[in-house]
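S.K.: Coordinates in coords.pdb, PDB, C-alpha atoms, are listed below.
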```
ATOM      1  CA  MET D 178      -2.346  18.805 -18.689  1.00  0.00           C
ATOM      2  CA  ARG D 179      -6.121  19.015 -19.047  1.00  0.00           C
ATOM      3  CA  SER D 180      -6.011  17.001 -22.283  1.00  0.00           C
ATOM      4  CA  LEU D 181      -4.345  14.134 -20.409  1.00  0.00           C
ATOM      5  CA  ARG D 182      -7.337  13.698 -18.135  1.00  0.00           C
ATOM      6  CA  LYS D 183      -9.698  11.152 -19.684  1.00  0.00           C
ATOM      7  CA  ALA D 184     -13.212  10.556 -18.425  1.00  0.00           C
ATOM      8  CA  SER D 185     -13.367   7.025 -19.831  1.00  0.00           C
ATOM      9  CA  GLY D 186     -11.211   4.158 -21.032  1.00  0.00           C
ATOM     10  CA  ASN D 187      -8.486   4.684 -18.456  1.00  0.00           C
ATOM     11  CA  LYS D 188      -5.781   2.043 -18.053  1.00  0.00           C
ATOM     12  CA  LEU D 189      -5.207   0.965 -14.437  1.00  0.00           C
ATOM     13  CA  THR D 190      -1.758  -0.302 -13.454  1.00  0.00           C
ATOM     14  CA  VAL D 191      -1.207  -1.799 -10.006  1.00  0.00           C
ATOM     15  CA  MET D 192       2.197  -1.228  -8.400  1.00  0.00           C
ATOM     16  CA  MET D 193       3.478  -3.405  -5.544  1.00  0.00           C
ATOM     17  CA  GLN D 194       6.748  -4.039  -3.738  1.00  0.00           C
ATOM     18  CA  VAL D 195       7.263  -7.484  -2.194  1.00  0.00           C
ATOM     19  CA  CYS D 196       9.778  -9.382  -0.082  1.00  0.00           C
ATOM     20  CA  ASN D 197       9.379 -12.975   1.118  1.00  0.00           C
ATOM     21  CA  GLU D 198       5.589 -12.936   0.853  1.00  0.00           C
ATOM     22  CA  ARG D 199       4.999 -16.496  -0.328  1.00  0.00           C
ATOM     23  CA  GLY D 200       2.648 -18.403   1.957  1.00  0.00           C
ATOM     24  CA  ARG D 201       1.181 -15.211   3.414  1.00  0.00           C
ATOM     25  CA  TYR D 202      -1.331 -12.899   1.701  1.00  0.00           C
ATOM     26  CA  LEU D 203       0.305 -12.277  -1.661  1.00  0.00           C
ATOM     27  CA  GLU D 204      -1.500 -14.968  -3.644  1.00  0.00           C
ATOM     28  CA  SER D 205      -4.979 -13.855  -2.589  1.00  0.00           C
ATOM     29  CA  SER D 206      -4.022 -10.209  -3.117  1.00  0.00           C
ATOM     30  CA  LEU D 207      -2.796 -10.845  -6.668  1.00  0.00           C
ATOM     31  CA  ALA D 208      -5.892 -12.898  -7.420  1.00  0.00           C
ATOM     32  CA  GLN D 209      -8.132  -9.986  -6.439  1.00  0.00           C
ATOM     33  CA  LEU D 210      -5.996  -7.404  -8.235  1.00  0.00           C
ATOM     34  CA  SER D 211      -5.923  -9.495 -11.408  1.00  0.00           C
ATOM     35  CA  GLU D 212      -9.695  -9.053 -11.640  1.00  0.00           C
ATOM     36  CA  ILE D 213      -9.558  -5.258 -11.602  1.00  0.00           C
ATOM     37  CA  ALA D 214      -6.165  -4.226 -13.029  1.00  0.00           C
ATOM     38  CA  ASP D 215      -5.116  -3.927 -16.639  1.00  0.00           C
ATOM     39  CA  GLU D 216      -1.501  -4.588 -15.639  1.00  0.00           C
ATOM     40  CA  ILE D 217       0.486  -5.296 -12.474  1.00  0.00           C
ATOM     41  CA  VAL D 218       4.061  -4.135 -11.868  1.00  0.00           C
ATOM     42  CA  ILE D 219       6.128  -5.613  -9.026  1.00  0.00           C
ATOM     43  CA  VAL D 220       9.551  -4.934  -7.537  1.00  0.00           C
ATOM     44  CA  ASP D 221      10.853  -7.863  -5.490  1.00  0.00           C
ATOM     45  CA  ASP D 222      13.218  -6.766  -2.716  1.00  0.00           C
ATOM     46  CA  ALA D 223      15.634  -9.731  -2.829  1.00  0.00           C
ATOM     47  CA  SER D 224      13.199 -12.450  -1.741  1.00  0.00           C
ATOM     48  CA  THR D 225      14.621 -15.866  -0.849  1.00  0.00           C
ATOM     49  CA  ASP D 226      11.369 -17.866  -0.554  1.00  0.00           C
ATOM     50  CA  GLY D 227      10.166 -18.155  -4.148  1.00  0.00           C
ATOM     51  CA  THR D 228       8.020 -15.019  -4.143  1.00  0.00           C
ATOM     52  CA  PRO D 229       9.042 -14.023  -7.715  1.00  0.00           C
ATOM     53  CA  GLU D 230       8.030 -17.448  -9.007  1.00  0.00           C
ATOM     54  CA  LEU D 231       4.584 -17.005  -7.450  1.00  0.00           C
ATOM     55  CA  CYS D 232       4.231 -13.562  -9.033  1.00  0.00           C
ATOM     56  CA  ARG D 233       4.990 -14.994 -12.475  1.00  0.00           C
ATOM     57  CA  THR D 234       1.994 -17.332 -12.269  1.00  0.00           C
ATOM     58  CA  PHE D 235      -0.311 -14.315 -12.689  1.00  0.00           C
ATOM     59  CA  PRO D 236      -0.592 -13.198 -16.345  1.00  0.00           C
ATOM     60  CA  LYS D 237      -1.436  -9.610 -15.372  1.00  0.00           C
ATOM     61  CA  VAL D 238       2.074  -9.220 -13.907  1.00  0.00           C
ATOM     62  CA  VAL D 239       3.779  -7.578 -16.890  1.00  0.00           C
ATOM     63  CA  ARG D 240       6.905  -6.255 -15.164  1.00  0.00           C
ATOM     64  CA  LEU D 241       8.809  -7.989 -12.353  1.00  0.00           C
ATOM     65  CA  VAL D 242      12.058  -6.430 -11.179  1.00  0.00           C
ATOM     66  CA  GLU D 243      14.151  -8.739  -8.979  1.00  0.00           C
ATOM     67  CA  LEU D 244      16.703  -7.033  -6.750  1.00  0.00           C
ATOM     68  CA  ARG D 245      19.784  -8.955  -5.689  1.00  0.00           C
ATOM     69  CA  ARG D 246      20.509  -6.597  -2.779  1.00  0.00           C
ATOM     70  CA  PRO D 247      17.576  -5.533  -0.571  1.00  0.00           C
ATOM     71  CA  LEU D 248      16.668  -1.844  -0.412  1.00  0.00           C
ATOM     72  CA  PHE D 249      14.260  -2.030   2.534  1.00  0.00           C
ATOM     73  CA  ALA D 250      16.692  -0.091   4.748  1.00  0.00           C
ATOM     74  CA  GLU D 251      16.593   2.705   2.136  1.00  0.00           C
ATOM     75  CA  GLU D 252      12.897   2.598   1.427  1.00  0.00           C
ATOM     76  CA  TRP D 253      12.751   5.802  -0.610  1.00  0.00           C
ATOM     77  CA  LYS D 254      14.970   4.153  -3.219  1.00  0.00           C
ATOM     78  CA  LEU D 255      12.703   1.115  -3.299  1.00  0.00           C
ATOM     79  CA  ARG D 256       9.562   3.244  -3.695  1.00  0.00           C
ATOM     80  CA  SER D 257      11.218   5.362  -6.386  1.00  0.00           C
ATOM     81  CA  LEU D 258      12.290   2.309  -8.374  1.00  0.00           C
ATOM     82  CA  LEU D 259       8.785   0.875  -8.196  1.00  0.00           C
ATOM     83  CA  TRP D 260       7.288   4.169  -9.386  1.00  0.00           C
ATOM     84  CA  GLU D 261       9.703   4.493 -12.304  1.00  0.00           C
ATOM     85  CA  THR D 262       9.033   0.909 -13.363  1.00  0.00           C
ATOM     86  CA  ALA D 263       5.261   1.339 -13.125  1.00  0.00           C
ATOM     87  CA  VAL D 264       5.077   4.571 -15.129  1.00  0.00           C
ATOM     88  CA  SER D 265       7.223   2.996 -17.857  1.00  0.00           C
ATOM     89  CA  THR D 266       4.124   0.938 -18.782  1.00  0.00           C
ATOM     90  CA  ASP D 267       2.232   4.098 -19.868  1.00  0.00           C
ATOM     91  CA  PRO D 268      -0.590   3.922 -17.318  1.00  0.00           C
ATOM     92  CA  ASP D 269      -3.444   6.366 -16.986  1.00  0.00           C
ATOM     93  CA  TRP D 270      -3.909   5.555 -13.304  1.00  0.00           C
ATOM     94  CA  LEU D 271      -1.809   3.753 -10.711  1.00  0.00           C
ATOM     95  CA  LEU D 272      -3.007   1.847  -7.673  1.00  0.00           C
ATOM     96  CA  ALA D 273      -0.292   1.531  -5.012  1.00  0.00           C
ATOM     97  CA  ILE D 274      -0.967  -1.456  -2.775  1.00  0.00           C
ATOM     98  CA  ASP D 275       1.171  -3.734  -0.616  1.00  0.00           C
ATOM     99  CA  ALA D 276       1.360  -7.522  -0.678  1.00  0.00           C
ATOM    100  CA  ASP D 277      -0.478  -7.789   2.645  1.00  0.00           C
ATOM    101  CA  GLU D 278      -3.390  -5.567   1.672  1.00  0.00           C
ATOM    102  CA  SER D 279      -6.713  -6.104  -0.075  1.00  0.00           C
ATOM    103  CA  LEU D 280      -9.748  -4.056  -1.030  1.00  0.00           C
ATOM    104  CA  GLU D 281     -13.241  -4.345   0.357  1.00  0.00           C
ATOM    105  CA  ARG D 282     -15.662  -5.698  -2.233  1.00  0.00           C
ATOM    106  CA  ARG D 283     -17.503  -2.376  -2.368  1.00  0.00           C
ATOM    107  CA  THR D 284     -14.201  -0.669  -3.176  1.00  0.00           C
ATOM    108  CA  VAL D 285     -13.472  -3.120  -5.983  1.00  0.00           C
ATOM    109  CA  ARG D 286     -16.828  -2.347  -7.589  1.00  0.00           C
ATOM    110  CA  ALA D 287     -16.247   1.399  -7.330  1.00  0.00           C
ATOM    111  CA  LEU D 288     -12.730   1.535  -8.770  1.00  0.00           C
ATOM    112  CA  ARG D 289     -13.562   2.005 -12.452  1.00  0.00           C
ATOM    113  CA  GLU D 290     -16.032   4.787 -11.713  1.00  0.00           C
ATOM    114  CA  LEU D 291     -13.411   6.383  -9.486  1.00  0.00           C
ATOM    115  CA  ILE D 292     -10.781   6.566 -12.224  1.00  0.00           C
ATOM    116  CA  ASN D 293     -13.049   7.222 -15.204  1.00  0.00           C
ATOM    117  CA  GLN D 294     -13.544  10.912 -14.476  1.00  0.00           C
ATOM    118  CA  ASP D 295     -11.605  14.051 -15.364  1.00  0.00           C
ATOM    119  CA  ARG D 296     -11.984  16.132 -12.215  1.00  0.00           C
ATOM    120  CA  TYR D 297      -9.674  14.518  -9.639  1.00  0.00           C
ATOM    121  CA  ASP D 298      -6.080  13.324  -9.985  1.00  0.00           C
ATOM    122  CA  TRP D 299      -5.881  11.143  -6.904  1.00  0.00           C
ATOM    123  CA  ALA D 300      -8.160   9.268  -4.542  1.00  0.00           C
ATOM    124  CA  ALA D 301      -7.669   8.315  -0.904  1.00  0.00           C
ATOM    125  CA  LEU D 302      -9.245   5.399   0.979  1.00  0.00           C
ATOM    126  CA  ARG D 303      -9.659   4.337   4.607  1.00  0.00           C
ATOM    127  CA  MET D 304      -7.051   1.733   5.591  1.00  0.00           C
ATOM    128  CA  TYR D 305      -7.800  -0.666   8.474  1.00  0.00           C
ATOM    129  CA  ASP D 306      -5.085  -2.485  10.444  1.00  0.00           C
ATOM    130  CA  PHE D 307      -6.321  -5.984  11.253  1.00  0.00           C
ATOM    131  CA  TRP D 308      -4.837  -7.277  14.489  1.00  0.00           C
ATOM    132  CA  GLY D 309      -4.327 -10.855  15.591  1.00  0.00           C
ATOM    133  CA  SER D 310      -6.985 -12.167  13.211  1.00  0.00           C
ATOM    134  CA  VAL D 311      -8.811 -11.411   9.970  1.00  0.00           C
ATOM    135  CA  THR D 312     -12.000 -10.555  11.859  1.00  0.00           C
ATOM    136  CA  HIS D 313     -10.954  -7.567  14.015  1.00  0.00           C
ATOM    137  CA  TYR D 314      -9.064  -4.331  13.431  1.00  0.00           C
ATOM    138  CA  ARG D 315      -7.223  -2.246  15.996  1.00  0.00           C
ATOM    139  CA  ASP D 316      -8.563   1.139  17.063  1.00  0.00           C
ATOM    140  CA  ASP D 317      -6.673   3.084  19.737  1.00  0.00           C
ATOM    141  CA  PRO D 318      -4.469   6.192  20.015  1.00  0.00           C
ATOM    142  CA  TRP D 319      -1.523   4.447  18.309  1.00  0.00           C
ATOM    143  CA  TRP D 320      -3.385   2.474  15.645  1.00  0.00           C
ATOM    144  CA  ASN D 321      -6.080   4.537  13.967  1.00  0.00           C
ATOM    145  CA  LEU D 322      -4.999   4.870  10.352  1.00  0.00           C
ATOM    146  CA  HIS D 323      -8.612   4.264   9.321  1.00  0.00           C
ATOM    147  CA  ARG D 324      -9.606   7.561  10.928  1.00  0.00           C
ATOM    148  CA  ARG D 325      -7.544   9.368   8.312  1.00  0.00           C
ATOM    149  CA  HIS D 326      -7.206   8.883   4.566  1.00  0.00           C
ATOM    150  CA  THR D 327      -4.496   7.029   2.675  1.00  0.00           C
ATOM    151  CA  MET D 328      -3.774   8.112  -0.899  1.00  0.00           C
ATOM    152  CA  MET D 329      -3.692   4.894  -2.953  1.00  0.00           C
ATOM    153  CA  LEU D 330      -4.820   5.911  -6.457  1.00  0.00           C
ATOM    154  CA  VAL D 331      -3.206   8.546  -8.640  1.00  0.00           C
ATOM    155  CA  ARG D 332      -3.565   9.669 -12.225  1.00  0.00           C
ATOM    156  CA  TYR D 333      -0.284   9.678 -14.135  1.00  0.00           C
ATOM    157  CA  LEU D 334       0.419  13.016 -15.804  1.00  0.00           C
ATOM    158  CA  PRO D 335       3.571  12.893 -17.970  1.00  0.00           C
ATOM    159  CA  GLY D 336       5.680  15.952 -17.307  1.00  0.00           C
ATOM    160  CA  TYR D 337       4.499  16.466 -13.752  1.00  0.00           C
ATOM    161  CA  HIS D 338       7.194  16.393 -11.050  1.00  0.00           C
ATOM    162  CA  TYR D 339       6.815  13.255  -8.958  1.00  0.00           C
ATOM    163  CA  ALA D 340       9.157  12.859  -5.976  1.00  0.00           C
ATOM    164  CA  TYR D 341       9.446  10.804  -2.811  1.00  0.00           C
ATOM    165  CA  PRO D 342      10.975  12.142   0.409  1.00  0.00           C
ATOM    166  CA  LYS D 343      14.416  10.655   1.055  1.00  0.00           C
ATOM    167  CA  TRP D 344      13.403   8.704   4.136  1.00  0.00           C
ATOM    168  CA  ASP D 345      14.804   5.314   5.086  1.00  0.00           C
ATOM    169  CA  HIS D 346      11.485   4.072   6.508  1.00  0.00           C
ATOM    170  CA  HIS D 347       7.745   4.840   6.490  1.00  0.00           C
ATOM    171  CA  VAL D 348       7.919   6.393   3.034  1.00  0.00           C
ATOM    172  CA  PRO D 349       4.477   7.178   1.554  1.00  0.00           C
ATOM    173  CA  ARG D 350       3.349   4.715  -1.093  1.00  0.00           C
ATOM    174  CA  LEU D 351       2.883   7.446  -3.702  1.00  0.00           C
ATOM    175  CA  PRO D 352       5.090  10.463  -4.465  1.00  0.00           C
ATOM    176  CA  MET D 353       4.528  13.228  -1.948  1.00  0.00           C
ATOM    177  CA  THR D 354       4.120  15.796  -4.721  1.00  0.00           C
ATOM    178  CA  CYS D 355       0.851  14.134  -5.784  1.00  0.00           C
ATOM    179  CA  ALA D 356      -0.835  15.920  -2.872  1.00  0.00           C
ATOM    180  CA  ALA D 357      -0.557  19.236  -4.714  1.00  0.00           C
ATOM    181  CA  LEU D 358      -2.976  17.954  -7.368  1.00  0.00           C
ATOM    182  CA  PRO D 359      -6.774  17.999  -6.955  1.00  0.00           C
ATOM    183  CA  GLY D 360      -7.887  14.866  -5.140  1.00  0.00           C
ATOM    184  CA  LEU D 361     -10.824  13.059  -3.620  1.00  0.00           C
ATOM    185  CA  ARG D 362     -11.081  11.606  -0.107  1.00  0.00           C
ATOM    186  CA  THR D 363     -13.504   8.712  -0.208  1.00  0.00           C
ATOM    187  CA  GLU D 364     -15.130   6.452   2.380  1.00  0.00           C
ATOM    188  CA  LEU D 365     -14.083   3.370   0.433  1.00  0.00           C
ATOM    189  CA  ARG D 366     -12.087   0.905   2.523  1.00  0.00           C
ATOM    190  CA  ALA D 367      -8.984  -1.267   2.303  1.00  0.00           C
ATOM    191  CA  LYS D 368      -7.682  -3.955   4.653  1.00  0.00           C
ATOM    192  CA  HIS D 369      -4.130  -4.305   5.947  1.00  0.00           C
ATOM    193  CA  TRP D 370      -3.368  -7.858   7.072  1.00  0.00           C
ATOM    194  CA  GLY D 371       0.224  -7.231   8.152  1.00  0.00           C
ATOM    195  CA  TRP D 372      -0.603  -7.383  11.865  1.00  0.00           C
ATOM    196  CA  ALA D 373      -3.215 -10.142  11.610  1.00  0.00           C
ATOM    197  CA  GLY D 374      -0.763 -12.935  12.433  1.00  0.00           C
ATOM    198  CA  ASP D 375       0.025 -14.421  15.822  1.00  0.00           C
ATOM    199  CA  ALA D 376       2.033 -12.892  18.678  1.00  0.00           C
ATOM    200  CA  SER D 377       5.335 -14.305  17.424  1.00  0.00           C
ATOM    201  CA  ASP D 378       4.781 -12.679  14.025  1.00  0.00           C
ATOM    202  CA  ARG D 379       4.135  -9.296  15.652  1.00  0.00           C
ATOM    203  CA  LEU D 380       7.159  -9.703  17.920  1.00  0.00           C
ATOM    204  CA  ALA D 381       9.362 -10.293  14.868  1.00  0.00           C
ATOM    205  CA  LYS D 382       8.067  -7.093  13.265  1.00  0.00           C
ATOM    206  CA  TYR D 383       8.584  -5.173  16.510  1.00  0.00           C
ATOM    207  CA  GLU D 384      12.188  -6.342  16.721  1.00  0.00           C
ATOM    208  CA  ARG D 385      12.765  -5.383  13.098  1.00  0.00           C
ATOM    209  CA  TYR D 386      11.434  -1.854  13.658  1.00  0.00           C
ATOM    210  CA  LYS D 387      13.575  -1.399  16.770  1.00  0.00           C
ATOM    211  CA  ARG D 388      16.637  -2.662  14.913  1.00  0.00           C
ATOM    212  CA  LEU D 389      16.132  -0.491  11.839  1.00  0.00           C
ATOM    213  CA  ASP D 390      14.906   2.639  13.647  1.00  0.00           C
ATOM    214  CA  PRO D 391      16.171   2.448  17.250  1.00  0.00           C
ATOM    215  CA  ASP D 392      15.901   6.190  17.878  1.00  0.00           C
ATOM    216  CA  GLY D 393      12.485   6.683  16.283  1.00  0.00           C
ATOM    217  CA  ARG D 394      13.897   8.924  13.585  1.00  0.00           C
ATOM    218  CA  TRP D 395      11.425   7.696  10.964  1.00  0.00           C
ATOM    219  CA  GLY D 396       8.541   6.641  13.188  1.00  0.00           C
ATOM    220  CA  SER D 397       7.294   6.736  16.764  1.00  0.00           C
ATOM    221  CA  ILE D 398       9.046   4.806  19.533  1.00  0.00           C
ATOM    222  CA  ASP D 399       5.808   4.795  21.518  1.00  0.00           C
ATOM    223  CA  GLN D 400       3.953   3.260  18.590  1.00  0.00           C
ATOM    224  CA  TYR D 401       6.654   0.628  18.212  1.00  0.00           C
ATOM    225  CA  GLU D 402       6.273  -0.254  21.892  1.00  0.00           C
ATOM    226  CA  SER D 403       2.483  -0.428  21.509  1.00  0.00           C
ATOM    227  CA  ILE D 404       2.941  -3.401  19.183  1.00  0.00           C
ATOM    228  CA  LEU D 405       3.506  -5.490  22.320  1.00  0.00           C
ATOM    229  CA  ASP D 406       0.332  -4.286  24.076  1.00  0.00           C
ATOM    230  CA  PRO D 407      -1.221  -7.500  25.449  1.00  0.00           C
ATOM    231  CA  ALA D 408      -4.786  -6.138  25.325  1.00  0.00           C
ATOM    232  CA  PRO D 409      -5.264  -3.632  22.488  1.00  0.00           C
ATOM    233  CA  ASN D 410      -8.700  -2.277  21.672  1.00  0.00           C
ATOM    234  CA  LEU D 411     -10.103  -4.372  18.831  1.00  0.00           C
ATOM    235  CA  VAL D 412     -13.256  -3.797  16.781  1.00  0.00           C
ATOM    236  CA  ARG D 413     -15.039  -6.445  14.747  1.00  0.00           C
ATOM    237  CA  TRP D 414     -14.922  -5.834  11.002  1.00  0.00           C
ATOM    238  CA  ILE D 415     -18.270  -5.642   9.233  1.00  0.00           C
ATOM    239  CA  GLU D 416     -18.056  -5.856   5.457  1.00  0.00           C
ATOM    240  CA  GLU D 417     -20.024  -3.116   3.720  1.00  0.00           C
ATOM    241  CA  GLU D 418     -21.813  -4.429   0.662  1.00  0.00           C
TER
END
```
What is this structure when it is put down as structure tokens?

M.R.:
Amino acid sequence: MRSLRKASGNKLTVMMQVCNERGRYLESSLAQLSEIADEIVIVDDASTDGTPELCRTFPKVVRLVELRRPLFAEEWKLRSLLWETAVSTDPDWLLAIDADESLERRTVRALRELINQDRYDWAALRMYDFWGSVTHYRDDPWWNLHRRHTMMLVRYLPGYHYAYPKWDHHVPRLPMTCAALPGLRTELRAKHWGWAGDASDRLAKYERYKRLDPDGRWGSIDQYESILDPAPNLVRWIEEE
């Protein structure tokens, strides 16, 4: 596989799954990604709000799979379909990002240097959960993803065994088998806007989690309950230039 690792000229394909994201963060996310990606691949999970039409307005979106029946309740199938569609475009590297996420400007500038090397096969970033606004992120025992690393970038090696765990929810964005390859944990940062809406938006997400995973089989019941915390610990975001 060593010959497949290029130190320059690598093609970057962005992979994203979406569902009813129009009017939220998708447009700004695709605008940013269009500046850094060679191609964008999207699987739409049976949207009903015109999300696919919005995706088609971006020329970098080269593949758009529209599902008629949603797969969100079987997330491993959704992730697997997205992966298979993305690798069919012959990428060198893949960036897995959600419709409600964006990259810090410093991360955007560092991406090409990060993939144009032949030592590492994946890279992990710090992901911050913004809460109730786009100015503050949450930092407490239940919401501290930024204190760990999230694998978001991976080199595609044809012939390597890529596989997702067969979980219905909280499936990792990249195949779990990528972790066996040599990787790099960076201090580059990404922003998750999914919790940045108002209290009614968070309540709707809480109710969805409790409906789909009432026994906490795929996640933590205590973390689900913490969504309703009226006074979570919030920290002001400071953009690193």

S.K.: So how far away is CA of Val220 in chain D from CA of Ala263 in chain D, in Å?

M.R.: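 Taking CA of Ala263 in chain D as the start and CA of Val220 in chain D as the end point, the length is 9.4 Å.
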
S.K.: With distances taken over only C-alpha atoms, which of D:Leu244, D:Ala340, D:Leu358, D:Ala276 is nearest to Trp299 in chain D?

M.R.: D:Leu358

S.K.: Applying 10 Å and all atoms listed in the file, which residues near Gly374 in chain D remain after dropping the ones on its own chain fewer than 6 positions away? List them as a VMD selection string.

M.R.: chain D and resid 201 307 to 311

S.K.: Evaluate the PyMOL selection byres ((chain D and resi 379) around 12) against this structure - the residues, as a list in words, please.

M.R.: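 The output of the PyMOL selection byres ((chain D and resi 379) around 12) on this file is Phe307, Trp308, Gly309, Ser310, Trp370, Gly371, Trp372, Ala373, Gly374, Asp375, Ala376, Ser377, Asp378, Leu380, Ala381, Lys382, Tyr383, Glu384, Arg385, Tyr386, Tyr401, Glu402, Ser403, Ile404, Leu405, Asp406 and Pro407 of chain D.
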
S.K.: With all atoms listed in the file as the atoms that count, which of D:Arg315, D:Thr363, D:Thr266, D:Pro352 lies nearest to Leu411 in chain D?

M.R.: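 Looking only at the distances to Leu411 in chain D, the closest residue turns out to be D:Arg315.
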
S.K.: Which residues are close to range 183-191 of chain D, i.e. within 6 Å by only C-alpha atoms, leaving aside same-chain residues fewer than 2 positions away? Reply as a PyMOL selection string.

M.R.: chain D and resi 214-217+268-272+293-295

S.K.: When distances are computed from only C-alpha atoms, which of D:Tyr314, D:Val285, D:Asp399, D:Tyr333 shows the smallest separation from Trp414 in chain D?

M.R.: D:Tyr314

S.K.: Written as a PyMOL selection string, what is the full residue list that the PyMOL selection byres ((chain D and resi 321) around 12) yields on the file shown?

M.R.: chain D and resi 303-308+314-320+322-327+400+409-412

S.K.: At what distance in Å, to one decimal, does CA of Trp260 in chain D lie from CA of Pro342 in chain D?

M.R.: 13.2 Å

S.K.: If you measure from CA of Met328 in chain D to CA of Val348 in chain D, what distance in Å do you get, rounded to one decimal?

M.R.: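 So the two atoms, CA of Met328 in chain D and CA of Val348 in chain D, lie 12.5 Å apart.
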
S.K.: Could you build a table of the residues in range 182-201 of chain D lying no more than 12 Å from range 248-256 of chain D, giving for each the nearest pair of atoms and their separation in Å rounded to one decimal place, using all atoms listed in the file, ordered by chain and ascending residue number, as a tab-separated table?

M.R.:
```
residue	atom	partner	partner_atom	distance
D:Met192	CA	D:Arg256	CA	9.8
D:Met193	CA	D:Arg256	CA	9.2
D:Gln194	CA	D:Arg256	CA	7.8
D:Val195	CA	D:Phe249	CA	10.1
D:Cys196	CA	D:Phe249	CA	9.0
```

S.K.: Which residues would end up in the selection if the PyMOL selection byres ((chain D and resi 395) around 7) were applied here, given that I need the answer as number ranges by chain?

M.R.: D: 346-347, 390, 393-394, 396

S.K.: Would you please work out which residue, of D:Leu258, D:Leu241, D:Cys232, D:Ile398, is nearest to Leu207 in chain D when using only C-alpha atoms?

M.R.: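 Looking at the shortest contact to Leu207 in chain D, the residue is D:Cys232.
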
S.K.: Considering all atoms listed in the file, return as JSON, numbers by chain whatever protein or nucleic-acid residues lie within 9 Å of Glu198 in chain D, sequence-local ones (same chain, fewer than 4 positions apart) excluded.

M.R.: {"D": [202, 203, 204, 224, 226, 227, 228, 276, 277]}

S.K.: My list of candidates is D:Lys343, D:Arg413, D:Arg240, D:Arg182. Which is closest to Pro359 in chain D when distances are computed with all atoms listed in the file?

M.R.: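 Answer, going by the shortest atom-to-atom distance: D:Arg182.
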